[in-house]
Amino acid sequence: METIDRLLDFIRCSPSPYHAVASAAELLDEAGFDRLEECSPWQLAAGKGYYVTRDQSSLIAFRLPDGPLEAWRMTAAHSDAPTFAVKGDRLEGDRRYVRLAVEGYGGMNCASWLDRPLTVAGRATVRTREGVESRLVYLDDDLLTIPSLAIHQQRDVNRGHEYNAQRDMQPLWGLGGCRSLAELVAEALEVSPGDLLSRDLVLCPRQEPVRLGPAGELYQAPRIDDLSCAYTTLEGFLNAGPQARLGQIYCLFDSEEVGSGTRQGALGSLLADVLERVRECLGLGAGEGRQILAGSMLLSADNGHAVHPNFPEKSDPANRVYPNGGVVLKYAASQKYTTTGLTGGLFRELCRREGVPIQVFANRADEPGGSTLGNLLARQVSVPMADIGMAQLSMHAAVETAGSRDPGCMARACAAFFRADFRQTADGVYRFPV
């Protein structure tokens, strides 16, 4: 299987952030990584790999070097995507219809969610004999839709429409007298409805990931932003293998689409906590930990906007990126992307040595883009960073499109990065082994 095929499988198995973390954990288990718990003591061994999760929706995996730890190579991607969070089983209104009550999560293209089969996924907390337990749930059926208003009843719809989340975007569950969402969730988890205590559920499109184009040169799927980076950085991490002096860290954070300000988000303490516990387990002093971070590097991995075939003027004329053009290196004068001339040059040299194509992205000067993980994560962990990704179309739509060859390039670039034994010898100076 090619990287693109493995990525499509990963997306298929990851309809919610909780499922994405479970999918990543399964791959780590298969690779021989040991699971740790934040609430338990840690014992670590040289050359071994470990991972830990927080709130079931964020994950950090790390591999220790065979010898003394001198630097970290780190990547960060996010597990969440714009969607609609389920608030309740029934929204008041016409009694002939049963609608779920939802609210928006992140900034989505509302029109792309209309008139398509949907279902729900996430987790539910259930009562057990010993206490409570959170379990993943995915209702594998075409259960919902958000019906659009017919053009006959809004003649000007093709001239633009402002979507009201409370009025326009509440999904139709069924007709009066149908089984409730709670009943189906309890049945899927094989518990009685009375033992279903609470839920964190989101809507997800039912479209399967597919290859497009005469030669399959494109692919289309829900949640390409950012599961494509979540998977390819993980593949690079797993393929790199242990190194003599380098520790390697793979981060998958939740909450990016709503600002990362949660305990499981990039603004939370998860990465800082993991670094501190590893330092303590290795018997390193605080000064040694800071020295190691200064010589480390992190790649913040989130996708960039490809030139749109129908709206090329929306892209910066000097920094245009395309599907299958290679790994995207992202710059912003606002520093919402963390790439600098130094970290960008270092990453370009790594990719040149690996034969991975690079393309440079920057937003138009009059259309600044949003922030992503790196500049937020830097508030918790001070380490040199660069922002990378892949070029995609229809970002934040229910279904997105990207190039089929780019995931392979991204995974190769990340594997080379995790293996790269460059050393910082002075501020602004890096040396490669001869």
# chains A, B, ... in the order shown; residues from 1 in each chain; ligands from 1

call {"tool": "closest_atom_pairs", "arguments": {"of": "region 276-395 of chain A", "to": "region 48-68 of chain A", "cutoff": "12 Å", "atoms": "only C-alpha atoms", "output": "Markdown table"}}
result
| residue | atom | partner | partner_atom | distance |
| --- | --- | --- | --- | --- |
| A:Arg277 | CA | A:Val52 | CA | 11.7 |
| A:Val278 | CA | A:Leu64 | CA | 9.2 |
| A:Arg279 | CA | A:Leu64 | CA | 11.1 |
| A:Cys281 | CA | A:Leu64 | CA | 11.4 |
| A:Leu282 | CA | A:Pro68 | CA | 9.1 |
| A:Gly283 | CA | A:Pro68 | CA | 11.0 |
| A:Leu284 | CA | A:Pro68 | CA | 10.2 |
| A:Glu288 | CA | A:Pro68 | CA | 11.5 |
| A:Ile292 | CA | A:Pro68 | CA | 10.8 |

call {"tool": "select_by_dssp", "arguments": {"residues": "region 149-217 of chain A", "states": "helix (DSSP H, G or I)", "output": "count of residues only"}}
result
22

call {"tool": "closest_atom_pairs", "arguments": {"of": "region 272-320 of chain A", "to": "region 252-255 of chain A", "cutoff": "12 Å", "atoms": "only C-alpha atoms", "output": "CSV"}}
result
residue,atom,partner,partner_atom,distance
A:Ser300,CA,A:Leu252,CA,10.4
A:Ala301,CA,A:Leu252,CA,9.9
A:Asp302,CA,A:Leu252,CA,11.3

call {"tool": "residues_around", "arguments": {"residues": "Asp366 (chain A)", "least_positions_apart": "6", "cutoff": "12 Å", "atoms": "only C-alpha atoms", "output": "list in words"}}
result
Glu313, Lys314, Ser315 and Asp316 of chain A

call {"tool": "residues_around", "arguments": {"residues": "Asp141 (chain A)", "least_positions_apart": "4", "cutoff": "12 Å", "atoms": "only C-alpha atoms", "output": "list in words"}}
result
Pro117, Leu118, Thr119, Val120, Ala121, Thr145, Leu184, Ala188, Cys204, Pro205, Arg206 and Gln207 of chain A

call {"tool": "atom_distance", "arguments": {"atom1": "CA of Arg123 (chain A)", "atom2": "CA of Ala24 (chain A)"}}
result
16.4 Å

call {"tool": "residues_around", "arguments": {"residues": "Ala294 (chain A)", "least_positions_apart": "4", "cutoff": "12 Å", "atoms": "only C-alpha atoms", "output": "list in words"}}
result
Glu70, Ala71, Trp72, Arg73, Gly287, Glu288, Gly289, Arg290, Leu298, Val381, Ser382, Val383, Pro384, Met385, Arg423, Gln424, Thr425, Ala426, Asp427, Gly428 and Tyr430 of chain A

call {"tool": "residues_around", "arguments": {"residues": "Leu350 (chain A)", "least_positions_apart": "3", "cutoff": "10 Å", "atoms": "only C-alpha atoms", "output": "list in words"}}
result
Gly344, Gly345, Leu346, Phe347, Arg353, Glu354, Gly355, Val356, Ala413, Cys414, Ala416, Phe417, Ala420, Phe422 and Phe432 of chain A

call {"tool": "residues_around", "arguments": {"residues": "Ala31 (chain A)", "least_positions_apart": "3", "cutoff": "8 Å", "atoms": "only C-alpha atoms", "output": "ChimeraX atom specification"}}
result
/A:27-28,238

call {"tool": "select_by_dssp", "arguments": {"residues": "region 57-238 of chain A", "states": "strand (DSSP E)", "output": "PDB file with C-alpha atoms, in the first residue's frame"}}
result
ATOM      1  CA  SER A  58      -4.939  14.278  22.310  1.00  0.00           C
ATOM      2  CA  LEU A  59      -1.874  12.043  22.176  1.00  0.00           C
ATOM      3  CA  ILE A  60       1.874  12.405  22.531  1.00  0.00           C
ATOM      4  CA  ALA A  61       4.219   9.587  21.501  1.00  0.00           C
ATOM      5  CA  PHE A  62       7.952   9.691  22.085  1.00  0.00           C
ATOM      6  CA  ARG A  63      10.954   7.518  21.402  1.00  0.00           C
ATOM      7  CA  ALA A  71      18.031  17.066  21.295  1.00  0.00           C
ATOM      8  CA  TRP A  72      14.399  16.472  20.350  1.00  0.00           C
ATOM      9  CA  ARG A  73      12.810  16.266  16.904  1.00  0.00           C
ATOM     10  CA  MET A  74       9.091  17.008  17.251  1.00  0.00           C
ATOM     11  CA  THR A  75       6.005  17.303  15.062  1.00  0.00           C
ATOM     12  CA  ALA A  76       2.524  18.544  15.957  1.00  0.00           C
ATOM     13  CA  ALA A  77      -0.797  18.108  14.140  1.00  0.00           C
ATOM     14  CA  HIS A  78      -4.413  18.284  15.290  1.00  0.00           C
ATOM     15  CA  THR A  83     -18.287  20.198  12.574  1.00  0.00           C
ATOM     16  CA  PHE A  84     -21.448  20.449  14.645  1.00  0.00           C
ATOM     17  CA  ALA A  85     -21.540  19.335  18.276  1.00  0.00           C
ATOM     18  CA  VAL A  86     -24.703  17.539  19.419  1.00  0.00           C
ATOM     19  CA  LYS A  87     -26.423  19.332  22.329  1.00  0.00           C
ATOM     20  CA  GLY A  88     -29.607  17.283  22.640  1.00  0.00           C
ATOM     21  CA  TYR A  97     -40.200  16.089  12.662  1.00  0.00           C
ATOM     22  CA  VAL A  98     -37.459  15.083  15.087  1.00  0.00           C
ATOM     23  CA  ARG A  99     -34.361  17.269  14.886  1.00  0.00           C
ATOM     24  CA  ALA A 101     -30.038  20.213  18.691  1.00  0.00           C
ATOM     25  CA  VAL A 102     -26.514  21.142  17.536  1.00  0.00           C
ATOM     26  CA  GLU A 103     -24.125  24.065  17.603  1.00  0.00           C
ATOM     27  CA  GLY A 104     -21.157  24.859  15.419  1.00  0.00           C
ATOM     28  CA  TYR A 105     -17.659  23.707  16.336  1.00  0.00           C
ATOM     29  CA  LEU A 118     -24.642  12.336   8.097  1.00  0.00           C
ATOM     30  CA  THR A 119     -24.202  10.369  11.283  1.00  0.00           C
ATOM     31  CA  VAL A 120     -22.737  10.941  14.738  1.00  0.00           C
ATOM     32  CA  ALA A 121     -19.466   9.887  16.340  1.00  0.00           C
ATOM     33  CA  GLY A 122     -17.545  10.609  19.508  1.00  0.00           C
ATOM     34  CA  ARG A 123     -17.696   9.141  22.974  1.00  0.00           C
ATOM     35  CA  ALA A 124     -20.217   8.413  25.696  1.00  0.00           C
ATOM     36  CA  THR A 125     -19.736   8.015  29.426  1.00  0.00           C
ATOM     37  CA  VAL A 126     -21.484   4.999  30.906  1.00  0.00           C
ATOM     38  CA  ARG A 127     -22.098   3.702  34.405  1.00  0.00           C
ATOM     39  CA  VAL A 132     -17.875   5.377  35.168  1.00  0.00           C
ATOM     40  CA  GLU A 133     -16.109   4.749  31.862  1.00  0.00           C
ATOM     41  CA  SER A 134     -15.832   6.702  28.616  1.00  0.00           C
ATOM     42  CA  ARG A 135     -16.286   4.627  25.448  1.00  0.00           C
ATOM     43  CA  LEU A 136     -16.014   5.466  21.763  1.00  0.00           C
ATOM     44  CA  VAL A 137     -19.132   5.353  19.641  1.00  0.00           C
ATOM     45  CA  TYR A 138     -19.780   5.605  15.903  1.00  0.00           C
ATOM     46  CA  LEU A 172     -33.252  16.244  10.669  1.00  0.00           C
ATOM     47  CA  TRP A 173     -33.125  12.989  12.648  1.00  0.00           C
ATOM     48  CA  GLY A 174     -36.422  11.430  11.605  1.00  0.00           C
ATOM     49  CA  LEU A 175     -40.183  11.601  11.820  1.00  0.00           C
ATOM     50  CA  LEU A 196     -25.771   6.278  29.608  1.00  0.00           C
ATOM     51  CA  LEU A 197     -24.594   9.254  31.675  1.00  0.00           C
ATOM     52  CA  SER A 198     -23.300  11.837  29.168  1.00  0.00           C
ATOM     53  CA  ARG A 199     -21.940  12.227  25.628  1.00  0.00           C
ATOM     54  CA  ASP A 200     -19.463  14.159  23.492  1.00  0.00           C
ATOM     55  CA  LEU A 201     -20.861  13.597  19.991  1.00  0.00           C
ATOM     56  CA  VAL A 202     -20.359  15.420  16.687  1.00  0.00           C
ATOM     57  CA  LEU A 203     -21.877  15.175  13.232  1.00  0.00           C
ATOM     58  CA  CYS A 204     -19.749  13.562  10.550  1.00  0.00           C
ATOM     59  CA  PRO A 205     -20.286  13.144   6.789  1.00  0.00           C
ATOM     60  CA  VAL A 210     -11.999   8.335  -2.571  1.00  0.00           C
ATOM     61  CA  ARG A 211      -9.352   8.855  -5.248  1.00  0.00           C
ATOM     62  CA  LEU A 212     -10.281  11.301  -8.028  1.00  0.00           C
ATOM     63  CA  LEU A 218      -6.432  13.705  -6.319  1.00  0.00           C
ATOM     64  CA  TYR A 219      -8.294  12.432  -3.292  1.00  0.00           C
ATOM     65  CA  GLN A 220     -11.430  13.640  -1.571  1.00  0.00           C
ATOM     66  CA  ALA A 221     -12.484  12.971   2.010  1.00  0.00           C
TER      67      ALA A 221
END

call {"tool": "closest_residue", "arguments": {"among": "A:Ala186, A:Ala165, A:Cys13, A:Ala333", "to": "Asn363 (chain A)", "atoms": "only C-alpha atoms"}}
result
A:Ala333

call {"tool": "atom_distance", "arguments": {"atom1": "CA of His305 (chain A)", "atom2": "CA of Val328 (chain A)"}}
result
9.6 Å

call {"tool": "closest_residue", "arguments": {"among": "A:Asn164, A:Ser148, A:Thr262, A:Thr232", "to": "Thr3 (chain A)", "atoms": "only C-alpha atoms"}}
result
A:Thr232

call {"tool": "closest_residue", "arguments": {"among": "A:Tyr331, A:Cys110, A:Gln154, A:Trp42", "to": "Arg364 (chain A)", "atoms": "only C-alpha atoms"}}
result
A:Tyr331
